[in-house]
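Have a look at the structure below before the remarks.
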Amino acid sequence: MSRADYYILPDSDPDSRADFLCRLCDKILGLGLRIFISTEHETAARQLDQQLWSARAESFVPHVLLGQSPDSPIEIGWGDQLPDHRQVFVNLSTRLPDAAFGFERIVEIVVQTPEVLAATRDNYARCRDRGIELHRTDMRHRR
């Protein structure tokens, strides 16, 4: 059975989403899993690529844009692009694509903006309706 993890951040700043994503990727890589990060469009993917390169001075988040070399355990794509694995799907788009339901694990990082909140509520309901095991981590009370 697939699972979906929703991490609810206290911030409305989109950069906090990228910062949290870096920490989360470290943990997921530690489990030996591959990660696909799906963005809305190419511009967002390239922006995230730059953010991941400079996000943390103390660690390195190995990643590439989908289709680039060398191979990496983290790939970033957009639109309908998909990697050759079905392990972890991180959704940074508004709508969770149907293809995400074929992955072992779905991750949503929720920031406090009306657009993201509305989209992730809809995505949560779609996961629930498909019988996916849901996990919710509310970071708003962990300061």
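For the structure tokens, the naming scheme is as follows: chains receive sequential letters (A, B, ...) according to their order of presentation, residues are indexed from 1 within each chain, and ligands are indexed from 1 in presentation order.
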
Long-range neighbours of Ile109 (chain A) as a PyMOL selection string, 8 Å cut-off, only C-alpha atoms, 2 positions minimum in chain: chain A and resi 6-9+17+21+91-92+107+111

Those of region 2-118 of chain A in DSSP strand (DSSP E or B), formatted as a VMD selection string: chain A and resid 3 to 8 35 to 39 64 to 65 74 to 78 88 to 91 105 to 110

Could you write out that same residue set with N, CA and C atoms as a short mmCIF file (atom, residue, chain, number, x, y, z; two decimals), in the first residue's frame?
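Dumped everything to selection.cif:
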```cif
data_model
loop_
_atom_site.label_atom_id
_atom_site.label_comp_id
_atom_site.auth_asym_id
_atom_site.auth_seq_id
_atom_site.Cartn_x
_atom_site.Cartn_y
_atom_site.Cartn_z
N ARG A 3 1.76 5.30 0.71
CA ARG A 3 1.50 6.22 1.81
C ARG A 3 1.75 7.63 1.33
N ALA A 4 1.08 8.57 1.97
CA ALA A 4 1.26 9.99 1.66
C ALA A 4 1.58 10.72 2.95
N ASP A 5 2.63 11.52 2.92
CA ASP A 5 3.06 12.29 4.08
C ASP A 5 2.83 13.77 3.78
N TYR A 6 2.11 14.42 4.68
CA TYR A 6 1.84 15.85 4.58
C TYR A 6 2.58 16.55 5.71
N TYR A 7 3.52 17.42 5.36
CA TYR A 7 4.28 18.20 6.34
C TYR A 7 3.74 19.63 6.29
N ILE A 8 3.13 20.06 7.38
CA ILE A 8 2.49 21.37 7.42
C ILE A 8 3.43 22.35 8.12
N ILE A 35 14.30 9.85 -5.04
CA ILE A 35 13.29 10.89 -4.91
C ILE A 35 13.07 11.57 -6.26
N PHE A 36 11.80 11.77 -6.59
CA PHE A 36 11.44 12.59 -7.74
C PHE A 36 10.66 13.79 -7.22
N ILE A 37 11.11 14.99 -7.57
CA ILE A 37 10.44 16.22 -7.16
C ILE A 37 9.74 16.79 -8.39
N SER A 38 8.43 16.91 -8.31
CA SER A 38 7.63 17.40 -9.43
C SER A 38 7.22 18.85 -9.19
N THR A 39 7.56 19.71 -10.15
CA THR A 39 7.19 21.12 -10.07
C THR A 39 6.17 21.44 -11.15
N VAL A 64 19.69 16.38 -9.87
CA VAL A 64 19.80 16.82 -11.27
C VAL A 64 18.39 17.10 -11.78
N LEU A 65 18.32 17.88 -12.83
CA LEU A 65 17.06 17.99 -13.56
C LEU A 65 16.87 16.68 -14.31
N ILE A 74 18.24 12.06 -6.57
CA ILE A 74 17.17 13.05 -6.56
C ILE A 74 17.08 13.67 -7.95
N GLU A 75 15.86 13.59 -8.52
CA GLU A 75 15.63 14.18 -9.85
C GLU A 75 14.49 15.17 -9.74
N ILE A 76 14.61 16.27 -10.47
CA ILE A 76 13.59 17.31 -10.49
C ILE A 76 12.99 17.37 -11.89
N GLY A 77 11.67 17.35 -11.95
CA GLY A 77 10.99 17.43 -13.24
C GLY A 77 9.80 18.36 -13.16
N TRP A 78 9.10 18.48 -14.27
CA TRP A 78 7.92 19.35 -14.33
C TRP A 78 6.90 18.77 -15.28
N VAL A 88 9.76 7.63 -4.26
CA VAL A 88 9.21 8.79 -3.54
C VAL A 88 8.89 9.90 -4.54
N PHE A 89 7.66 10.39 -4.47
CA PHE A 89 7.18 11.48 -5.33
C PHE A 89 6.91 12.68 -4.44
N VAL A 90 7.70 13.74 -4.59
CA VAL A 90 7.49 14.98 -3.84
C VAL A 90 6.74 15.94 -4.76
N ASN A 91 5.55 16.33 -4.36
CA ASN A 91 4.72 17.20 -5.19
C ASN A 91 4.88 18.65 -4.77
N ARG A 105 5.54 6.23 -2.17
CA ARG A 105 5.33 7.28 -1.17
C ARG A 105 5.14 8.62 -1.87
N ILE A 106 4.16 9.38 -1.40
CA ILE A 106 3.88 10.73 -1.88
C ILE A 106 4.19 11.68 -0.74
N VAL A 107 4.85 12.79 -1.06
CA VAL A 107 5.15 13.80 -0.05
C VAL A 107 4.61 15.15 -0.51
N GLU A 108 3.93 15.84 0.39
CA GLU A 108 3.46 17.20 0.15
C GLU A 108 4.03 18.07 1.28
N ILE A 109 4.57 19.22 0.91
CA ILE A 109 5.07 20.19 1.89
C ILE A 109 4.15 21.39 1.81
N VAL A 110 3.42 21.63 2.90
CA VAL A 110 2.35 22.63 2.91
C VAL A 110 2.84 23.91 3.57
#
```

Residue nearest Ser16 (chain A) among A:Gln112, A:Gln81, A:Ser2, A:Ser72 (counting only C-alpha atoms):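 Closest to Ser16 (chain A), using only C-alpha atoms: A:Gln112.
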
Residue with smallest distance to Leu31 (chain A) - pool A:Leu117, A:Phe60, A:Gln47, A:Gln87, counting only C-alpha atoms: A:Gln87

Sel. of alpha helix (DSSP H) residues, region 44-113 of chain A, as a list in words: Ala44, Ala45, Arg46, Gln47, Leu48, Asp49, Gln50, Gln51, Leu52, Trp53 and Ser54 of chain A

Of the listed residues A:Asp80, A:Arg128, A:Leu48, A:Val61, that which approaches Lys27 (chain A) most closely, counting only C-alpha atoms: A:Val61

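Reported to one decimal place, the separation of CA of Arg130 (chain A) from CA of Leu33 (chain A) is 23.2 Å.
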